[in-house]
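A.B. asks: If you scroll down you'll find the structure; I have some questions about it.
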Amino acid sequence: MASSDRADFDTDLFVIGGGSGGVRAARIAAGHGARVILAEEYRMGGTCVIRGCVPKKLFAYAAHFRQDFADAAGFGWSVPPASFDWATLIANKDKEIARLEAAYTANAETSGVQVIKSRAVFEDARTLRLDDGRTVRAKYILIATGGAPNHGKAIPGIEHVISSNEAFHLPELPRRILIQGGGYIALEFACIFAGLGSEVTVVYRGDNVLRGFDEDVRPHVRAELEAEGITILTGCTVDGIERHGAGFTSRLSDGSSIASDQVMFAIGRHPNVANLGLEKAGVAINPNNGGIAVNEFSQSSVSHIYAVGDVTHRFNLTPVAIREGHAFADTVFGGREVKVDHADIPTAVFTQPQVGTVGLTEAQARQRFAVVDVYKTSFRPLKATLSGSRSRVLMKLVVDGASDRVLGCHIVGPEAAELVQVIAIAVRMKATKADFDATMALHPTSAEELVTMRTRAARHVREAAE
């Protein structure tokens, strides 16, 4: 960038949002020599660090100890009756999140990024106004404001509903909680609260939970959760909530009512695009998802304004936001065009048991490929033989019958997320079922089933169009 160009702007890059995507973009751009300012109005780290993946995983670890204590008896351990203290978990979680927030800030500043604790809104396509009235004129602007819980339509008593944000800060563990939603956030919190001792009811409008996941995964997960005492009511919604003292009564669309101490909605998230002044900048919104419309380089309708992460509502996952932020910085400031490949993104649901998935579901594969082979197995893992647990593991491979390439892998069971991260490498490298079969099994593990499933469970041949 010529010095004369720099004189026209206060900074080369202004990043709005200090979450995973924004911080990565800022650090990489600064490393390429750009002058970078990052504005964050709340806490550095964004959804993932402050009120998402990290605290949620810590809560999931806490909840799993109940099962660990129960399993121990079969292996000869006499564990005294365990007690759980919610306040201790909250305090320790808060301490860890504060540490991570400080690390995010320090890492950004060490990289040469100027961090400003302020909201930033557009005055025009080049100018941003801060809380104190100052304005900053930037050559490039990156919007990385993330997303937020969406409670849906207004219903009577909606003011009593909490989201996942508030769930991390409740003053005490609810004895009974109703959770509306059937996606991964709803089910993860259902397992967390159930594991910590709450009576949990899940209400979902669809016919089964985890819409969009493989059709073998969905009923398997539901059965596992119900076996652990979680009540799942499908085909209905919460129509209204009334407060009675310290508790609530939720009225459902089927005419029934449920009493609880907390009501949590996890029915979706929306991009944080409101009140940013996007209309002043001329930034277009994608009419299909409500996020900022971007091209394959994360460039918005205004050539010098970009957006990454959940605010684009493409793939709302932290590693995706980080990859998009990095690619943006390399493309704009690093002198090389980098496109993010959004295919074969591994995902996990940290329920108990976990779900890990990468690639296509069986239904997606059958839409795209003429011949699809399915290999699957369900079994009690070795540990269950002594622990007495009735939980079962599900493993499934979806294969292109013509090329033998593994198109998708779906696992429900202990450490499914860890397994699928590794399997994702093979799927991305276009490994074949023969490659899996030729890989030596590691015994005794559950994962060995992935390379020993030799018997095809089903073959689907799509009939040619007339």
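Ordering of the structure tokens sets the chain letters (A, B, ...); residue numbers start at 1 within each chain; ligands are numbered from 1 in the order shown.
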Could you pull the residues within 10 Å of range 323-333 of chain A, counting only C-alpha atoms, minus those fewer than 4 positions along the same chain, as a tab-separated table (two decimals) with N, CA and C atoms, in the first residue's frame?
C.D. replies:
```tsv
chain	number	residue	atom	x	y	z
A	1	MET	N	0.85	-1.18	0.00
A	1	MET	CA	0.00	0.00	0.00
A	1	MET	C	0.89	1.24	0.00
A	12	ASP	N	-5.56	0.73	7.91
A	12	ASP	CA	-5.71	-0.10	6.72
A	12	ASP	C	-6.90	-1.03	6.86
A	13	LEU	N	-7.10	-1.54	8.08
A	13	LEU	CA	-8.20	-2.48	8.33
A	13	LEU	C	-8.87	-2.15	9.65
A	20	SER	N	-13.69	-15.15	17.33
A	20	SER	CA	-12.65	-15.99	16.74
A	20	SER	C	-12.27	-15.55	15.33
A	21	GLY	N	-13.27	-15.27	14.49
A	21	GLY	CA	-12.99	-14.87	13.12
A	21	GLY	C	-12.35	-13.51	13.02
A	22	GLY	N	-12.85	-12.55	13.78
A	22	GLY	CA	-12.32	-11.20	13.74
A	22	GLY	C	-10.90	-11.12	14.25
A	23	VAL	N	-10.63	-11.81	15.37
A	23	VAL	CA	-9.28	-11.78	15.94
A	23	VAL	C	-8.28	-12.45	15.01
A	24	ARG	N	-8.64	-13.59	14.42
A	24	ARG	CA	-7.72	-14.25	13.50
A	24	ARG	C	-7.42	-13.34	12.30
A	25	ALA	N	-8.45	-12.74	11.73
A	25	ALA	CA	-8.23	-11.86	10.58
A	25	ALA	C	-7.33	-10.69	10.95
A	26	ALA	N	-7.58	-10.10	12.12
A	26	ALA	CA	-6.80	-8.95	12.56
A	26	ALA	C	-5.33	-9.32	12.75
A	27	ARG	N	-5.09	-10.45	13.40
A	27	ARG	CA	-3.71	-10.86	13.67
A	27	ARG	C	-2.95	-11.17	12.38
A	28	ILE	N	-3.60	-11.88	11.45
A	28	ILE	CA	-2.92	-12.24	10.21
A	28	ILE	C	-2.68	-10.99	9.36
A	29	ALA	N	-3.66	-10.10	9.30
A	29	ALA	CA	-3.48	-8.86	8.53
A	29	ALA	C	-2.34	-8.04	9.10
A	30	ALA	N	-2.27	-7.93	10.42
A	30	ALA	CA	-1.17	-7.19	11.05
A	30	ALA	C	0.17	-7.84	10.73
A	31	GLY	N	0.18	-9.16	10.69
A	31	GLY	CA	1.40	-9.87	10.33
A	31	GLY	C	1.85	-9.60	8.91
A	32	HIS	N	0.90	-9.26	8.05
A	32	HIS	CA	1.22	-8.90	6.67
A	32	HIS	C	1.62	-7.43	6.54
A	33	GLY	N	1.67	-6.73	7.67
A	33	GLY	CA	2.11	-5.35	7.64
A	33	GLY	C	1.02	-4.30	7.67
A	34	ALA	N	-0.22	-4.72	7.81
A	34	ALA	CA	-1.34	-3.77	7.81
A	34	ALA	C	-1.47	-3.09	9.17
A	140	TYR	N	-10.09	-0.75	4.46
A	140	TYR	CA	-10.87	-1.99	4.41
A	140	TYR	C	-11.58	-2.17	5.74
A	142	LEU	N	-13.81	-5.14	8.03
A	142	LEU	CA	-14.27	-6.52	8.19
A	142	LEU	C	-15.34	-6.57	9.26
A	144	ALA	N	-17.37	-8.85	11.70
A	144	ALA	CA	-17.28	-10.17	12.33
A	144	ALA	C	-18.04	-10.13	13.65
A	296	GLU	N	-17.35	-15.76	-2.61
A	296	GLU	CA	-16.46	-16.84	-2.14
A	296	GLU	C	-15.23	-16.31	-1.42
A	297	PHE	N	-14.96	-15.01	-1.53
A	297	PHE	CA	-13.84	-14.41	-0.81
A	297	PHE	C	-14.30	-13.64	0.42
A	298	SER	N	-15.55	-13.85	0.84
A	298	SER	CA	-16.15	-13.16	1.99
A	298	SER	C	-16.30	-11.66	1.75
A	299	GLN	N	-16.35	-11.27	0.49
A	299	GLN	CA	-16.51	-9.86	0.11
A	299	GLN	C	-17.99	-9.53	0.00
A	304	HIS	N	-14.85	-2.96	-0.63
A	304	HIS	CA	-13.83	-2.90	0.42
A	304	HIS	C	-14.34	-3.35	1.78
A	306	TYR	N	-15.85	-6.53	3.98
A	306	TYR	CA	-15.94	-7.99	4.00
A	306	TYR	C	-16.66	-8.44	5.28
A	307	ALA	N	-17.07	-9.71	5.31
A	307	ALA	CA	-17.72	-10.26	6.50
A	307	ALA	C	-17.37	-11.74	6.61
A	308	VAL	N	-17.11	-12.19	7.83
A	308	VAL	CA	-16.79	-13.60	8.07
A	308	VAL	C	-17.55	-14.11	9.29
A	309	GLY	N	-17.67	-15.43	9.37
A	309	GLY	CA	-18.26	-16.05	10.55
A	309	GLY	C	-19.78	-16.04	10.55
A	318	THR	N	-17.10	-22.20	14.81
A	318	THR	CA	-15.90	-21.42	15.13
A	318	THR	C	-14.73	-21.68	14.17
A	319	PRO	N	-14.36	-22.93	13.90
A	319	PRO	CA	-13.24	-23.15	12.99
A	319	PRO	C	-13.48	-22.58	11.59
A	337	GLU	N	-4.73	-14.92	-3.35
A	337	GLU	CA	-6.15	-15.21	-3.22
A	337	GLU	C	-6.36	-16.56	-2.56
A	338	VAL	N	-7.17	-16.58	-1.51
A	338	VAL	CA	-7.47	-17.82	-0.81
A	338	VAL	C	-8.98	-17.94	-0.66
A	339	LYS	N	-9.53	-19.03	-1.18
A	339	LYS	CA	-10.95	-19.33	-1.00
A	339	LYS	C	-11.09	-20.43	0.05
A	340	VAL	N	-12.11	-20.31	0.88
A	340	VAL	CA	-12.38	-21.34	1.88
A	340	VAL	C	-13.25	-22.42	1.27
A	341	ASP	N	-12.82	-23.64	1.41
A	341	ASP	CA	-13.60	-24.79	0.94
A	341	ASP	C	-14.54	-25.22	2.07
A	342	HIS	N	-15.84	-25.02	1.86
A	342	HIS	CA	-16.81	-25.34	2.90
A	342	HIS	C	-17.33	-26.78	2.80
```
A.B. asks: Go through range 287-382 of chain A and collect every residue that DSSP, computed from the backbone, puts in helix (DSSP H, G or I); the answer should be as a list of chain:residue names.
C.D. replies: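 The helix (DSSP H, G or I) subset of range 287-382 of chain A is A:Gly309, A:Asp310, A:Val311, A:Thr312, A:Thr318, A:Pro319, A:Val320, A:Ala321, A:Ile322, A:Arg323, A:Glu324, A:Gly325, A:His326, A:Ala327, A:Phe328, A:Ala329, A:Asp330, A:Thr331, A:Val332, A:Phe333, A:Glu362, A:Ala363, A:Gln364, A:Ala365, A:Arg366, A:Gln367, A:Arg368, A:Leu382.
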A.B. asks: I need the strand (DSSP E) residues of range 117-252 of chain A per DSSP on the backbone, written as an NGL selection string.
C.D. replies: :A and (120-122 or 127-130 or 135-143 or 147-149 or 176-180 or 199-204 or 231-234 or 238-244 or 247-252)
A.B. asks: Considering only C-alpha atoms, return as a PyMOL selection string whatever protein or nucleic-acid residues lie within 9 Å of range 388-398 of chain A, sequence-local ones (same chain, fewer than 6 positions apart) excluded.
C.D. replies: chain A and resi 67+70-71+74+216-217+220+224+227+353+359-362+365+372-381+405-414+433+446-447+449-450+453
A.B. asks: Which residues are near range 110-118 of chain A? Cut-off 8 Å, only C-alpha atoms, ignore same chain within fewer than 6 positions. Put them as a PyMOL selection string.
C.D. replies: chain A and resi 26-27+30-31+35-42+130-131
A.B. asks: May I ask which of the residues A:Gln180, A:Asn275, A:Thr439, A:Asn286 is the closest one to Leu252 in chain A, counting only C-alpha atoms?
C.D. replies: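 Checking each of A:Gln180, A:Asn275, A:Thr439, A:Asn286 against Leu252 in chain A, counting only C-alpha atoms, the winner is A:Gln180.
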A.B. asks: Write out as a PyMOL selection string each polymer residue whose atoms come within 12 Å of Thr351 in chain A, counting only C-alpha atoms; drop sequence neighbours fewer than 4 positions from it.
C.D. replies: chain A and resi 56-57+59-61+63-64+183-195+210+221-222+224-225+228+230+355-356+412-417
A.B. asks: Rounded to one decimal place, report the CA of Ala424 in chain A-CA of Ala321 in chain A distance in Å.
C.D. replies: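 If I compute the distance from CA of Ala424 in chain A to CA of Ala321 in chain A, I get 18.1 Å.
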A.B. asks: For Ser83 in chain A, which of A:Gly181, A:Gly46, A:Pro346, A:Gly197 is the closest residue, counting only C-alpha atoms?
C.D. replies: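 Among the listed residues, A:Gly197 lies closest to Ser83 in chain A.
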A.B. asks: I'd like the interatomic distance between CA of Ala246 in chain A and CA of Ser260 in chain A, to a tenth of an Å.
C.D. replies: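 Rounded to one decimal, the two atoms are 9.3 Å apart.
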A.B. asks: For Cys236 in chain A, which residue out of A:Pro219, A:Gly182, A:Pro149, A:Gly18 is the nearest one, using only C-alpha atoms?
C.D. replies: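 Smallest separation from Cys236 in chain A among the options: A:Gly182.
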A.B. asks: Measuring atom to atom with only C-alpha atoms, identify which of A:Ala293, A:Val320, A:Gly240, A:Ser256 is nearest to Ala154 in chain A.
C.D. replies: A:Gly240
A.B. asks: Excluding same-chain residues fewer than 3 positions from Arg134 in chain A, what lies within 12 Å of it counting only C-alpha atoms, as number ranges by chain?
C.D. replies: A: 10, 116, 118-123, 127-131, 137
A.B. asks: Find, counting only C-alpha atoms, the residue in A:Arg205, A:His160, A:Arg66, A:Arg126 that gets nearest to Lys280 in chain A.
C.D. replies: A:Arg126
